[in-house]
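With mmCIF, C-alpha atoms inside, this is start-v4.cif:
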data_protein
#
loop_
_atom_site.label_atom_id
_atom_site.label_comp_id
_atom_site.auth_asym_id
_atom_site.auth_seq_id
_atom_site.Cartn_x
_atom_site.Cartn_y
_atom_site.Cartn_z
CA MET A 1 59.73 85.25 84.65
CA ASN A 2 55.93 85.49 84.75
CA GLU A 3 53.91 88.64 85.46
CA ARG A 4 53.38 87.75 89.11
CA GLU A 5 57.10 87.30 89.72
CA THR A 6 57.88 90.53 87.88
CA ALA A 7 55.35 92.45 89.96
CA ALA A 8 56.70 90.99 93.22
CA ARG A 9 60.24 91.96 92.25
CA GLN A 10 59.26 95.51 91.35
CA THR A 11 57.31 95.89 94.61
CA ALA A 12 60.29 94.71 96.69
CA TYR A 13 62.65 97.12 94.97
CA ARG A 14 60.23 100.03 95.28
CA GLU A 15 59.64 99.38 98.98
CA PHE A 16 63.41 99.28 99.49
CA GLY A 17 63.67 102.71 97.87
CA LEU A 18 65.19 101.81 94.51
CA SER A 19 63.89 103.37 91.31
CA PRO A 20 63.44 101.41 88.05
CA GLU A 21 66.27 103.46 86.54
CA VAL A 22 68.74 102.47 89.26
CA ILE A 23 67.66 98.82 89.07
CA ALA A 24 68.16 98.77 85.30
CA PHE A 25 71.54 100.44 85.69
CA GLY A 26 72.60 97.74 88.13
CA GLU A 27 71.25 94.82 86.12
CA GLU A 28 73.04 95.96 82.96
CA THR A 29 76.31 96.21 84.87
CA GLU A 30 75.95 92.85 86.61
CA LYS A 31 75.50 91.02 83.29
CA LEU A 32 79.05 92.03 82.36
CA LEU A 33 80.46 90.49 85.56
CA ARG A 34 78.98 86.98 85.44
CA GLU A 35 82.19 85.25 84.31
CA ARG A 36 84.21 87.12 86.93
CA PHE A 37 81.78 86.10 89.65
CA ASP A 38 82.00 82.46 88.55
CA ARG A 39 85.77 82.54 89.13
CA ILE A 40 85.25 83.96 92.62
CA ASP A 41 82.85 81.12 93.40
CA ASP A 42 85.42 78.61 92.12
CA ASN A 43 88.04 80.04 94.48
CA ALA A 44 85.59 79.89 97.39
CA PHE A 45 85.10 76.19 96.67
CA VAL A 46 88.85 75.63 97.09
CA THR A 47 89.24 77.76 100.23
CA GLN A 48 86.16 76.14 101.76
CA ALA A 49 87.83 72.75 101.26
CA LYS A 50 90.96 74.11 102.95
CA VAL A 51 89.00 75.26 106.00
CA LEU A 52 87.10 71.99 106.26
CA THR A 53 90.33 70.00 106.04
CA ALA A 54 91.87 72.06 108.85
CA MET A 55 88.79 71.58 111.04
CA GLN A 56 88.69 67.85 110.44
CA ARG A 57 92.41 67.35 111.05
CA ALA A 58 92.11 69.26 114.32
CA GLY A 59 89.33 66.87 115.33
CA VAL A 60 86.69 69.52 116.02
CA SER A 61 83.81 68.07 118.02
CA GLU A 62 80.71 69.38 119.76
CA ALA A 63 82.61 69.59 123.04
CA HIS A 64 84.88 72.23 121.51
CA LEU A 65 81.98 74.64 121.01
CA ILE A 66 81.50 75.12 124.75
CA GLY A 67 83.47 77.93 126.35
CA THR A 68 85.06 78.41 129.75
CA THR A 69 84.93 81.01 132.52
CA GLY A 70 87.38 82.36 135.08
CA TYR A 71 90.98 81.58 134.27
CA GLY A 72 90.08 79.46 131.27
CA TYR A 73 92.40 76.61 132.20
CA SER A 74 92.11 73.49 130.02
CA ASP A 75 89.92 75.23 127.44
CA ILE A 76 89.97 72.48 124.81
CA GLY A 77 87.76 74.45 122.45
CA ARG A 78 90.11 77.44 122.47
CA ASP A 79 93.19 75.26 122.00
CA THR A 80 91.60 73.30 119.15
CA LEU A 81 90.48 76.48 117.39
CA GLU A 82 94.10 77.61 117.40
CA LYS A 83 95.06 74.31 115.76
CA VAL A 84 92.42 75.00 113.11
CA TYR A 85 93.93 78.41 112.34
CA ALA A 86 97.44 76.98 112.24
CA GLY A 87 96.16 74.40 109.75
CA ILE A 88 94.47 76.98 107.53
CA PHE A 89 97.57 79.18 107.44
CA HIS A 90 100.01 76.24 107.22
CA SER A 91 101.87 77.67 110.20
CA GLU A 92 103.53 76.11 113.24
CA ASP A 93 101.16 77.69 115.71
CA ALA A 94 98.40 80.27 116.16
CA LEU A 95 96.92 82.51 118.85
CA VAL A 96 93.16 83.13 118.40
CA ARG A 97 91.61 84.99 121.30
CA PRO A 98 88.52 87.05 122.11
CA GLN A 99 90.79 89.06 124.44
CA ILE A 100 92.36 90.59 121.32
CA THR A 101 90.06 93.56 120.81
CA CYS A 102 90.65 94.44 117.13
CA GLY A 103 93.09 94.23 114.23
CA THR A 104 95.20 97.11 115.52
CA HIS A 105 95.46 95.37 118.90
CA ALA A 106 96.55 92.12 117.21
CA LEU A 107 99.26 93.96 115.27
CA ALA A 108 100.39 95.91 118.34
CA LEU A 109 100.56 92.64 120.27
CA ALA A 110 102.78 91.04 117.63
CA LEU A 111 105.10 94.07 117.55
CA GLN A 112 105.28 94.66 121.30
CA ALA A 113 105.86 90.97 122.00
CA ASN A 114 108.76 90.55 119.61
CA LEU A 115 110.59 93.88 119.74
CA ARG A 116 112.86 95.11 122.52
CA PRO A 117 114.49 98.49 123.30
CA GLY A 118 117.05 99.32 120.64
CA ASP A 119 115.50 97.03 118.02
CA VAL A 120 114.63 98.39 114.59
CA LEU A 121 111.27 97.95 112.86
CA LEU A 122 111.14 98.46 109.08
CA SER A 123 108.14 99.05 106.83
CA PRO A 124 109.26 98.55 103.21
CA VAL A 125 105.81 99.40 101.79
CA GLY A 126 105.37 102.96 103.02
CA LYS A 127 103.45 104.34 105.96
CA PRO A 128 101.22 101.79 107.69
CA TYR A 129 97.51 102.17 108.41
CA ASP A 130 96.57 105.26 110.42
CA THR A 131 95.91 103.51 113.73
CA LEU A 132 99.38 101.91 113.70
CA GLU A 133 101.07 105.32 113.56
CA GLU A 134 100.48 105.80 117.28
CA VAL A 135 101.40 102.18 118.06
CA ILE A 136 104.78 102.68 116.41
CA GLY A 137 105.25 106.28 117.47
CA ILE A 138 105.19 107.91 114.04
CA ARG A 139 102.62 110.13 115.73
CA GLU A 140 103.51 110.72 119.36
CA SER A 141 101.34 108.65 121.68
CA MET A 142 101.45 107.34 125.22
CA GLY A 143 102.78 103.77 125.31
CA SER A 144 104.11 103.70 121.75
CA LEU A 145 107.03 101.53 120.67
CA ALA A 146 109.09 104.70 120.33
CA GLU A 147 108.63 105.39 124.05
CA PHE A 148 110.23 102.02 124.74
CA GLY A 149 113.22 102.73 122.52
CA VAL A 150 112.15 100.82 119.41
CA LYS A 151 113.40 102.55 116.28
CA TYR A 152 111.46 102.80 113.03
CA ARG A 153 112.52 102.97 109.40
CA GLN A 154 110.29 103.35 106.37
CA VAL A 155 110.82 102.91 102.65
CA ASP A 156 108.03 104.29 100.51
CA LEU A 157 106.71 102.54 97.43
CA LEU A 158 107.73 104.02 94.10
CA PRO A 159 105.20 106.26 92.29
CA ASP A 160 103.99 103.30 90.20
CA GLY A 161 103.32 101.24 93.34
CA SER A 162 106.33 98.97 92.92
CA PHE A 163 108.86 98.19 95.65
CA ASP A 164 111.87 100.49 96.03
CA TYR A 165 114.34 97.63 96.16
CA GLU A 166 117.36 99.93 96.28
CA GLY A 167 115.88 101.89 99.16
CA ILE A 168 115.03 98.66 100.97
CA ARG A 169 118.57 97.39 100.46
CA LYS A 170 119.96 100.56 102.04
CA ALA A 171 117.53 100.30 104.96
CA LEU A 172 118.81 96.77 105.57
CA GLU A 173 122.50 97.71 105.57
CA THR A 174 122.36 97.79 109.37
CA PRO A 175 120.48 95.21 111.48
CA VAL A 176 116.68 95.19 111.48
CA LYS A 177 114.83 93.02 113.97
CA MET A 178 111.40 93.00 112.36
CA VAL A 179 109.76 93.92 109.05
CA THR A 180 106.07 94.77 108.83
CA ILE A 181 104.25 94.45 105.50
CA GLN A 182 100.71 95.78 105.15
CA ARG A 183 98.84 93.77 102.56
CA SER A 184 95.81 96.03 102.13
CA ARG A 185 95.78 99.66 101.05
CA GLY A 186 94.36 101.21 104.23
CA TYR A 187 93.41 104.86 103.78
CA ALA A 188 95.73 105.17 100.80
CA LEU A 189 95.49 104.61 97.06
CA ARG A 190 98.50 102.36 96.75
CA PRO A 191 97.96 98.90 95.25
CA THR A 192 96.96 96.07 97.54
CA LEU A 193 99.72 93.45 97.60
CA SER A 194 99.16 89.98 96.22
CA VAL A 195 100.58 86.97 98.01
CA GLU A 196 102.93 86.53 95.06
CA ARG A 197 104.32 90.07 95.41
CA ILE A 198 104.63 89.66 99.17
CA GLY A 199 106.59 86.48 98.55
CA GLU A 200 108.96 88.26 96.16
CA LEU A 201 109.57 90.97 98.75
CA ILE A 202 110.18 88.41 101.50
CA THR A 203 112.70 86.56 99.32
CA PHE A 204 114.56 89.81 98.62
CA ILE A 205 114.68 90.79 102.29
CA ARG A 206 115.84 87.34 103.41
CA GLY A 207 118.63 87.49 100.85
CA ILE A 208 120.06 90.42 102.81
CA GLN A 209 119.06 89.63 106.42
CA PRO A 210 118.03 85.96 106.70
CA GLU A 211 117.15 86.12 110.42
CA VAL A 212 114.81 89.10 110.32
CA ILE A 213 111.24 88.51 111.55
CA ILE A 214 108.72 89.27 108.81
CA MET A 215 105.13 90.06 109.79
CA VAL A 216 102.25 90.61 107.38
CA ASP A 217 99.18 92.65 108.31
CA ASN A 218 96.66 90.34 106.64
CA CYS A 219 93.52 92.36 107.43
CA TYR A 220 90.91 92.25 104.63
CA GLY A 221 92.96 89.74 102.62
CA GLU A 222 92.11 86.35 104.11
CA PHE A 223 90.55 83.87 101.63
CA VAL A 224 90.69 86.33 98.73
CA GLU A 225 93.43 84.23 97.13
CA LEU A 226 94.06 80.50 97.26
CA SER A 227 97.16 80.98 99.42
CA GLU A 228 98.09 83.21 102.35
CA PRO A 229 101.26 85.21 103.14
CA SER A 230 102.37 82.44 105.51
CA ASP A 231 102.61 80.21 102.42
CA ALA A 232 104.97 82.79 100.91
CA GLY A 233 107.41 82.76 103.84
CA ALA A 234 105.98 85.25 106.35
CA ASP A 235 106.92 84.45 109.96
CA LEU A 236 103.70 85.99 111.28
CA VAL A 237 100.34 86.79 109.72
CA VAL A 238 97.97 88.89 111.77
CA GLY A 239 94.33 89.88 111.44
CA SER A 240 90.96 90.67 112.98
CA LEU A 241 88.08 88.27 113.54
CA ILE A 242 85.49 90.95 112.77
CA LYS A 243 86.85 91.04 109.25
CA ASN A 244 87.15 88.13 106.79
CA PRO A 245 87.99 85.16 109.06
CA GLY A 246 85.13 85.81 111.48
CA GLY A 247 82.60 85.23 108.73
CA GLY A 248 80.33 87.90 110.19
CA LEU A 249 79.64 85.78 113.28
CA ALA A 250 82.68 86.40 115.47
CA PRO A 251 81.64 89.08 117.98
CA ILE A 252 85.23 90.08 118.82
CA GLY A 253 88.77 88.83 118.54
CA GLY A 254 91.97 88.67 116.58
CA TYR A 255 94.48 86.09 115.45
CA LEU A 256 98.21 85.61 114.96
CA ALA A 257 99.56 82.63 113.02
CA GLY A 258 103.19 81.80 112.50
CA ARG A 259 106.37 80.49 114.08
CA SER A 260 105.91 78.88 117.49
CA GLU A 261 108.36 81.06 119.42
CA LEU A 262 106.81 84.27 118.05
CA ILE A 263 103.32 83.09 118.96
CA GLU A 264 104.48 82.16 122.47
CA GLN A 265 105.99 85.63 122.94
CA ALA A 266 102.66 87.14 121.89
CA ALA A 267 100.72 84.92 124.31
CA ARG A 268 102.92 86.06 127.20
CA ARG A 269 102.45 89.67 126.20
CA LEU A 270 98.67 89.23 125.95
CA THR A 271 98.40 87.75 129.44
CA SER A 272 101.61 87.75 131.46
CA PRO A 273 105.01 86.02 131.71
CA GLY A 274 104.55 82.62 133.31
CA LEU A 275 100.91 82.35 132.26
CA GLY A 276 101.05 82.80 128.50
CA ARG A 277 98.42 80.93 126.54
CA GLU A 278 97.26 78.76 129.44
CA VAL A 279 94.75 81.38 130.60
CA GLY A 280 92.03 83.31 128.82
CA ALA A 281 88.43 82.20 129.17
CA THR A 282 86.34 82.07 126.01
CA LEU A 283 82.96 82.50 127.74
CA ASP A 284 80.20 81.85 125.18
CA VAL A 285 81.91 82.88 121.93
CA LEU A 286 83.55 79.67 120.71
CA ARG A 287 80.58 78.47 118.65
CA SER A 288 80.55 81.81 116.80
CA LEU A 289 84.31 81.68 116.19
CA TYR A 290 84.15 78.16 114.79
CA GLN A 291 81.10 78.80 112.65
CA GLY A 292 82.55 82.12 111.51
CA ILE A 293 85.77 80.60 110.17
CA PHE A 294 83.68 77.86 108.52
CA LEU A 295 81.58 80.48 106.68
CA ALA A 296 84.49 82.83 105.96
CA PRO A 297 85.30 81.63 102.40
CA THR A 298 81.78 82.20 101.09
CA VAL A 299 81.28 85.43 103.03
CA THR A 300 84.55 86.76 101.63
CA ALA A 301 83.41 85.76 98.13
CA SER A 302 80.23 87.81 98.59
CA ALA A 303 82.25 90.82 99.72
CA LEU A 304 84.54 90.47 96.70
CA LYS A 305 81.58 90.48 94.34
CA GLY A 306 80.26 93.61 96.03
CA ALA A 307 83.60 95.39 95.63
CA ILE A 308 83.82 94.56 91.91
CA PHE A 309 80.19 95.54 91.35
CA ALA A 310 80.79 98.88 93.08
CA ALA A 311 83.82 99.60 90.91
CA ALA A 312 81.96 98.71 87.72
CA LEU A 313 79.00 100.94 88.59
CA TYR A 314 81.02 103.94 89.69
CA GLU A 315 83.39 103.78 86.74
CA LYS A 316 80.35 103.99 84.47
CA LEU A 317 79.36 107.08 86.45
CA GLY A 318 82.75 108.67 85.73
CA PHE A 319 84.51 108.19 89.07
CA THR A 320 88.02 106.86 89.53
CA CYS A 321 88.18 103.51 91.33
CA TYR A 322 91.05 101.69 93.02
CA PRO A 323 91.38 98.98 91.94
CA LYS A 324 89.57 99.24 88.62
CA ALA A 325 86.68 96.88 88.01
CA GLU A 326 88.66 94.62 85.69
CA GLU A 327 91.75 94.35 87.89
CA GLU A 328 92.62 91.32 90.00
CA ARG A 329 91.64 91.53 93.68
CA TYR A 330 93.85 90.86 96.68
CA ASP A 331 91.56 92.22 99.41
CA ILE A 332 87.89 93.11 99.80
CA ILE A 333 88.30 96.90 99.89
CA GLN A 334 87.06 99.11 97.08
CA ALA A 335 88.29 102.72 97.08
CA ILE A 336 86.40 105.31 95.05
CA THR A 337 87.52 108.91 94.62
CA LEU A 338 84.33 110.93 95.00
CA GLU A 339 85.99 114.38 94.71
CA LYS A 340 83.40 116.25 96.80
CA GLU A 341 82.56 116.11 100.49
CA GLU A 342 78.85 115.95 99.75
CA CYS A 343 79.40 112.87 97.56
CA LEU A 344 81.31 111.11 100.35
CA LEU A 345 78.54 111.92 102.84
CA ALA A 346 75.81 110.79 100.43
CA PHE A 347 77.59 107.51 99.66
CA CYS A 348 77.85 106.66 103.34
CA GLU A 349 74.25 107.71 103.90
CA GLY A 350 73.22 105.26 101.17
CA ILE A 351 75.16 102.39 102.75
CA GLN A 352 73.65 103.12 106.17
CA SER A 353 70.13 103.21 104.75
CA ALA A 354 70.67 99.72 103.30
CA ALA A 355 71.68 98.22 106.65
CA PRO A 356 69.65 95.62 108.58
CA VAL A 357 70.49 97.45 111.83
CA ASP A 358 70.23 101.23 112.43
CA ALA A 359 69.11 101.93 108.86
CA HIS A 360 67.22 104.96 110.18
CA VAL A 361 70.43 106.57 111.46
CA LYS A 362 72.26 109.19 109.41
CA PRO A 363 76.05 108.80 109.72
CA GLU A 364 77.99 111.88 110.76
CA PRO A 365 81.76 112.56 110.69
CA TRP A 366 83.53 112.37 114.05
CA ASP A 367 86.98 112.58 115.60
CA MET A 368 87.58 108.84 115.74
CA PRO A 369 90.45 107.61 117.98
CA GLY A 370 93.61 106.86 116.03
CA TYR A 371 92.90 109.23 113.11
CA ASP A 372 94.17 112.76 112.48
CA VAL A 373 91.04 114.11 110.72
CA PRO A 374 87.30 113.50 111.17
CA VAL A 375 86.10 110.21 109.67
CA ILE A 376 82.63 109.26 108.50
CA MET A 377 81.68 105.62 108.93
CA ALA A 378 78.53 103.83 107.79
CA ALA A 379 77.92 100.39 109.25
CA GLY A 380 74.56 99.17 110.42
CA ALA A 381 76.02 95.85 111.47
CA PHE A 382 75.06 92.94 113.71
CA ILE A 383 78.60 93.14 115.14
CA SER A 384 79.60 96.72 115.96
CA GLY A 385 82.30 97.93 113.59
CA ALA A 386 82.51 94.62 111.70
CA SER A 387 83.94 95.61 108.33
CA ILE A 388 83.18 92.22 106.78
CA GLU A 389 79.57 93.39 107.01
CA LEU A 390 78.33 96.02 104.57
CA SER A 391 80.18 99.20 105.47
CA ALA A 392 81.85 102.29 104.08
CA ASP A 393 84.08 104.94 105.56
CA GLY A 394 86.45 107.70 104.63
CA PRO A 395 88.39 110.62 106.06
CA LEU A 396 87.00 114.08 105.42
CA LYS A 397 89.85 115.38 103.33
CA GLU A 398 90.56 115.75 99.64
CA PRO A 399 90.15 113.94 97.31
CA TYR A 400 87.28 112.53 99.44
CA ASN A 401 87.95 108.84 98.94
CA VAL A 402 85.41 106.38 100.25
CA TYR A 403 86.48 102.89 101.23
CA PHE A 404 83.72 100.36 100.74
CA GLN A 405 83.89 96.78 101.96
CA GLY A 406 81.89 93.83 103.11
CA GLY A 407 78.53 92.25 102.60
CA LEU A 408 77.73 88.97 104.33
CA THR A 409 75.73 87.98 101.26
CA TRP A 410 76.09 89.03 97.65
CA PRO A 411 72.43 90.20 97.45
CA HIS A 412 72.94 92.54 100.40
CA ALA A 413 76.19 93.90 98.95
CA LYS A 414 74.39 94.53 95.65
CA LEU A 415 71.43 96.24 97.32
CA GLY A 416 73.76 98.41 99.39
CA ILE A 417 75.72 99.65 96.41
CA LEU A 418 72.53 100.36 94.48
CA LYS A 419 71.25 102.35 97.45
CA THR A 420 74.36 104.58 97.29
CA VAL A 421 73.63 105.25 93.62
CA GLN A 422 70.02 106.04 94.46
CA THR A 423 70.97 108.40 97.28
CA MET A 424 73.47 110.29 95.14
CA ALA A 425 71.01 110.49 92.25
CA ASP A 426 68.24 111.78 94.53
CA LYS A 427 70.58 114.54 95.74
CA GLY A 428 71.46 115.50 92.16
CA LEU A 429 75.09 114.52 92.60
CA ILE A 430 75.12 112.00 89.74
CA HIS A 431 73.16 111.35 86.58
CA LEU A 432 72.65 107.82 85.31
CA VAL A 433 74.02 107.17 81.86
#

Taking this structure as input, can you express it in the form of structure tokens?
Amino acid sequence: MNERETAARQTAYREFGLSPEVIAFGEETEKLLRERFDRIDDNAFVTQAKVLTAMQRAGVSEAHLIGTTGYGYSDIGRDTLEKVYAGIFHSEDALVRPQITCGTHALALALQANLRPGDVLLSPVGKPYDTLEEVIGIRESMGSLAEFGVKYRQVDLLPDGSFDYEGIRKALETPVKMVTIQRSRGYALRPTLSVERIGELITFIRGIQPEVIIMVDNCYGEFVELSEPSDAGADLVVGSLIKNPGGGLAPIGGYLAGRSELIEQAARRLTSPGLGREVGATLDVLRSLYQGIFLAPTVTASALKGAIFAAALYEKLGFTCYPKAEEERYDIIQAITLEKEECLLAFCEGIQSAAPVDAHVKPEPWDMPGYDVPVIMAAGAFISGASIELSADGPLKEPYNVYFQGGLTWPHAKLGILKTVQTMADKGLIHLV
């Protein structure tokens, strides 16, 4: 690197608000991760090929990028996109709709469509993500499954994060209609589940109740591994388009992929009996949904690199990270125990200040719907709330864990994490070593 290039680099960093000490700290850490990052790029090559194959087999053409209005009858772009998703997930069918508002809505749709009064829902991996508590009725809420007579059982993970197979066996001694498995950690410090572990759990459950419907909450996990839970025997996989599969371009939406009859039930619940999947205009979003799923493998790879980089930096600073920097990854979320409220606030302030949108805004905790304590969220995103974009959030309660995820590009993820270090250092909350 010549003097001119060095000067230009230093100017760019300084104008972005990064000190030479923070830059050096980051560069030293990144050097140790090069081999790991190469493996992530290799995986993205494979998953990109999988997406391209699905798009080509579905016969995607320019005509499919044009949306519909009104009822949305004969929306060939919408129907072909669902074939693409079914191809990616190696499933019989898929429902991919902008009318699905978020990941929680997609999960609620799958549950409400396939459970009836008196049925039993089982979670064999502990309590689900906070927003599903009200869907199920763990926390009392208007319109919950509990209000409609759906019963709920839960088997917690063992202290080491392994499955409580004996507890699960007991929970399955009487009929269960549906099992829900959350792949990611949510606002918890339990391990994220690999596709392999999910497959082992599915095999165990089917050995006891072969006909049970098994659904996997796939949020944050798509394209992290070479296979998906549907490849491991899940009947339904469910997720949000403003996370991994939207590639940062999908402005809204969710997906369900799985067995045809389960998808059809969900379509009728989303619209109405008799109409099902035949209606639902896509307006002007189809191009973004197609291009988003096309970009998803490389966008997810960037987010993975950001998560590993964050863990490596914050472990050097003495914080506990889940997972650790050297551990294998099964989703894009990095949890860091910051121990103090002011550290959590400063971390989120750093992420917000690195955003391309609303960087001037200071994030503040608020009583967010679906949560039982105030939550602080930092996300200056092109798509509001898109957690595949650079973002961080955490509930204001001990031990003040922050959950960092996203980054549409690896350089932005890197800059964002370095900005959190800078913000905390400027406030005297950390000292670079």

**Asked** Do you know which residues are at most 9 Å from segment 70-79 of chain A counting all atoms listed in the file, after dropping those on the same chain fewer than 3 positions away, and could you put them as number ranges by chain?
**Response** A: 60-61, 63-67, 82-84, 95-97, 277-283, 286

Find the spatial neighbours of Leu121 of chain A, counting only C-alpha atoms, within a cut-off of 10 Å - ignore same-chain residues fewer than 5 positions away - and output them as a PyMOL selection string.
-> chain A and resi 111+115+136+145+150-154+175-180+212-214

Selection to disk with C-alpha atoms, as an mmCIF file, keeping the file's coordinate frame:
data_model
loop_
_atom_site.group_PDB
_atom_site.id
_atom_site.type_symbol
_atom_site.label_atom_id
_atom_site.label_comp_id
_atom_site.auth_asym_id
_atom_site.auth_seq_id
_atom_site.Cartn_x
_atom_site.Cartn_y
_atom_site.Cartn_z
ATOM 1 C CA LEU A 111 105.100 94.070 117.550
ATOM 2 C CA LEU A 115 110.590 93.880 119.740
ATOM 3 C CA ILE A 136 104.780 102.680 116.410
ATOM 4 C CA LEU A 145 107.030 101.530 120.670
ATOM 5 C CA VAL A 150 112.150 100.820 119.410
ATOM 6 C CA LYS A 151 113.400 102.550 116.280
ATOM 7 C CA TYR A 152 111.460 102.800 113.030
ATOM 8 C CA ARG A 153 112.520 102.970 109.400
ATOM 9 C CA GLN A 154 110.290 103.350 106.370
ATOM 10 C CA PRO A 175 120.480 95.210 111.480
ATOM 11 C CA VAL A 176 116.680 95.190 111.480
ATOM 12 C CA LYS A 177 114.830 93.020 113.970
ATOM 13 C CA MET A 178 111.400 93.000 112.360
ATOM 14 C CA VAL A 179 109.760 93.920 109.050
ATOM 15 C CA THR A 180 106.070 94.770 108.830
ATOM 16 C CA VAL A 212 114.810 89.100 110.320
ATOM 17 C CA ILE A 213 111.240 88.510 111.550
ATOM 18 C CA ILE A 214 108.720 89.270 108.810
#

Q: Enumerate, as a VMD selection string, the residues matched when the PyMOL selection byres ((chain A and resi 117) around 6) is run on the file above.
A: chain A and resid 116 118 to 119 148 to 150

If we count all atoms listed in the file, what is near Ala44 of chain A at a cut-off of 12 Å, once residues fewer than 2 positions away on the same chain are taken out, given as an mmCIF file with C-alpha atoms, in the frame of the given file?
data_model
loop_
_atom_site.group_PDB
_atom_site.id
_atom_site.type_symbol
_atom_site.label_atom_id
_atom_site.label_comp_id
_atom_site.auth_asym_id
_atom_site.auth_seq_id
_atom_site.Cartn_x
_atom_site.Cartn_y
_atom_site.Cartn_z
ATOM 1 C CA PHE A 37 81.780 86.100 89.650
ATOM 2 C CA ASP A 38 82.000 82.460 88.550
ATOM 3 C CA ARG A 39 85.770 82.540 89.130
ATOM 4 C CA ILE A 40 85.250 83.960 92.620
ATOM 5 C CA ASP A 41 82.850 81.120 93.400
ATOM 6 C CA ASP A 42 85.420 78.610 92.120
ATOM 7 C CA VAL A 46 88.850 75.630 97.090
ATOM 8 C CA THR A 47 89.240 77.760 100.230
ATOM 9 C CA GLN A 48 86.160 76.140 101.760
ATOM 10 C CA ALA A 49 87.830 72.750 101.260
ATOM 11 C CA LYS A 50 90.960 74.110 102.950
ATOM 12 C CA VAL A 51 89.000 75.260 106.000
ATOM 13 C CA LEU A 52 87.100 71.990 106.260
ATOM 14 C CA GLU A 222 92.110 86.350 104.110
ATOM 15 C CA PHE A 223 90.550 83.870 101.630
ATOM 16 C CA VAL A 224 90.690 86.330 98.730
ATOM 17 C CA GLU A 225 93.430 84.230 97.130
ATOM 18 C CA LEU A 226 94.060 80.500 97.260
ATOM 19 C CA SER A 227 97.160 80.980 99.420
ATOM 20 C CA PHE A 294 83.680 77.860 108.520
ATOM 21 C CA LEU A 295 81.580 80.480 106.680
ATOM 22 C CA ALA A 296 84.490 82.830 105.960
ATOM 23 C CA PRO A 297 85.300 81.630 102.400
ATOM 24 C CA THR A 298 81.780 82.200 101.090
ATOM 25 C CA VAL A 299 81.280 85.430 103.030
ATOM 26 C CA THR A 300 84.550 86.760 101.630
ATOM 27 C CA ALA A 301 83.410 85.760 98.130
ATOM 28 C CA SER A 302 80.230 87.810 98.590
ATOM 29 C CA ALA A 303 82.250 90.820 99.720
ATOM 30 C CA LEU A 304 84.540 90.470 96.700
ATOM 31 C CA LYS A 305 81.580 90.480 94.340
#

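Distances from A:Thr271, A:Gly87, A:Thr29, A:Thr337 to Met55 of chain A were compared using all atoms listed in the file, and the smallest one belongs to A:Gly87.
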
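Between Glu140 of chain A and the candidates A:Asp372, A:Lys243, A:Glu15, A:Val22, the tightest atom-to-atom separation, counting only C-alpha atoms, involves A:Asp372.
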
Between atom CA of Val238 of chain A and atom CA of Tyr187 of chain A lies a distance of 18.4 Å

As a PDB file, keeping the file's coordinate frame, the rebuilt segment 306-317 of chain A with N, CA and C atoms:
ATOM      1  N   GLY A 306      80.751  92.257  95.770  1.00  0.00           N
ATOM      2  CA  GLY A 306      80.260  93.610  96.030  1.00  0.00           C
ATOM      3  C   GLY A 306      81.275  94.670  95.657  1.00  0.00           C
ATOM      4  N   ALA A 307      82.550  94.420  95.953  1.00  0.00           N
ATOM      5  CA  ALA A 307      83.600  95.390  95.630  1.00  0.00           C
ATOM      6  C   ALA A 307      83.725  95.578  94.116  1.00  0.00           C
ATOM      7  N   ILE A 308      83.698  94.484  93.378  1.00  0.00           N
ATOM      8  CA  ILE A 308      83.820  94.560  91.910  1.00  0.00           C
ATOM      9  C   ILE A 308      82.598  95.246  91.313  1.00  0.00           C
ATOM     10  N   PHE A 309      81.433  94.918  91.826  1.00  0.00           N
ATOM     11  CA  PHE A 309      80.190  95.540  91.350  1.00  0.00           C
ATOM     12  C   PHE A 309      80.224  97.045  91.595  1.00  0.00           C
ATOM     13  N   ALA A 310      80.698  97.451  92.766  1.00  0.00           N
ATOM     14  CA  ALA A 310      80.790  98.880  93.080  1.00  0.00           C
ATOM     15  C   ALA A 310      81.721  99.595  92.103  1.00  0.00           C
ATOM     16  N   ALA A 311      82.874  98.988  91.837  1.00  0.00           N
ATOM     17  CA  ALA A 311      83.820  99.600  90.910  1.00  0.00           C
ATOM     18  C   ALA A 311      83.223  99.731  89.513  1.00  0.00           C
ATOM     19  N   ALA A 312      82.545  98.677  89.060  1.00  0.00           N
ATOM     20  CA  ALA A 312      81.960  98.710  87.720  1.00  0.00           C
ATOM     21  C   ALA A 312      80.889  99.795  87.599  1.00  0.00           C
ATOM     22  N   LEU A 313      80.045  99.920  88.627  1.00  0.00           N
ATOM     23  CA  LEU A 313      79.000 100.940  88.590  1.00  0.00           C
ATOM     24  C   LEU A 313      79.581 102.349  88.606  1.00  0.00           C
ATOM     25  N   TYR A 314      80.523 102.580  89.516  1.00  0.00           N
ATOM     26  CA  TYR A 314      81.020 103.940  89.690  1.00  0.00           C
ATOM     27  C   TYR A 314      81.986 104.372  88.579  1.00  0.00           C
ATOM     28  N   GLU A 315      82.620 103.421  87.930  1.00  0.00           N
ATOM     29  CA  GLU A 315      83.390 103.780  86.740  1.00  0.00           C
ATOM     30  C   GLU A 315      82.458 104.229  85.618  1.00  0.00           C
ATOM     31  N   LYS A 316      81.325 103.566  85.479  1.00  0.00           N
ATOM     32  CA  LYS A 316      80.350 103.990  84.470  1.00  0.00           C
ATOM     33  C   LYS A 316      79.816 105.391  84.765  1.00  0.00           C
ATOM     34  N   LEU A 317      79.823 105.743  86.054  1.00  0.00           N
ATOM     35  CA  LEU A 317      79.360 107.080  86.450  1.00  0.00           C
ATOM     36  C   LEU A 317      80.452 108.133  86.343  1.00  0.00           C
TER      37      LEU A 317
END
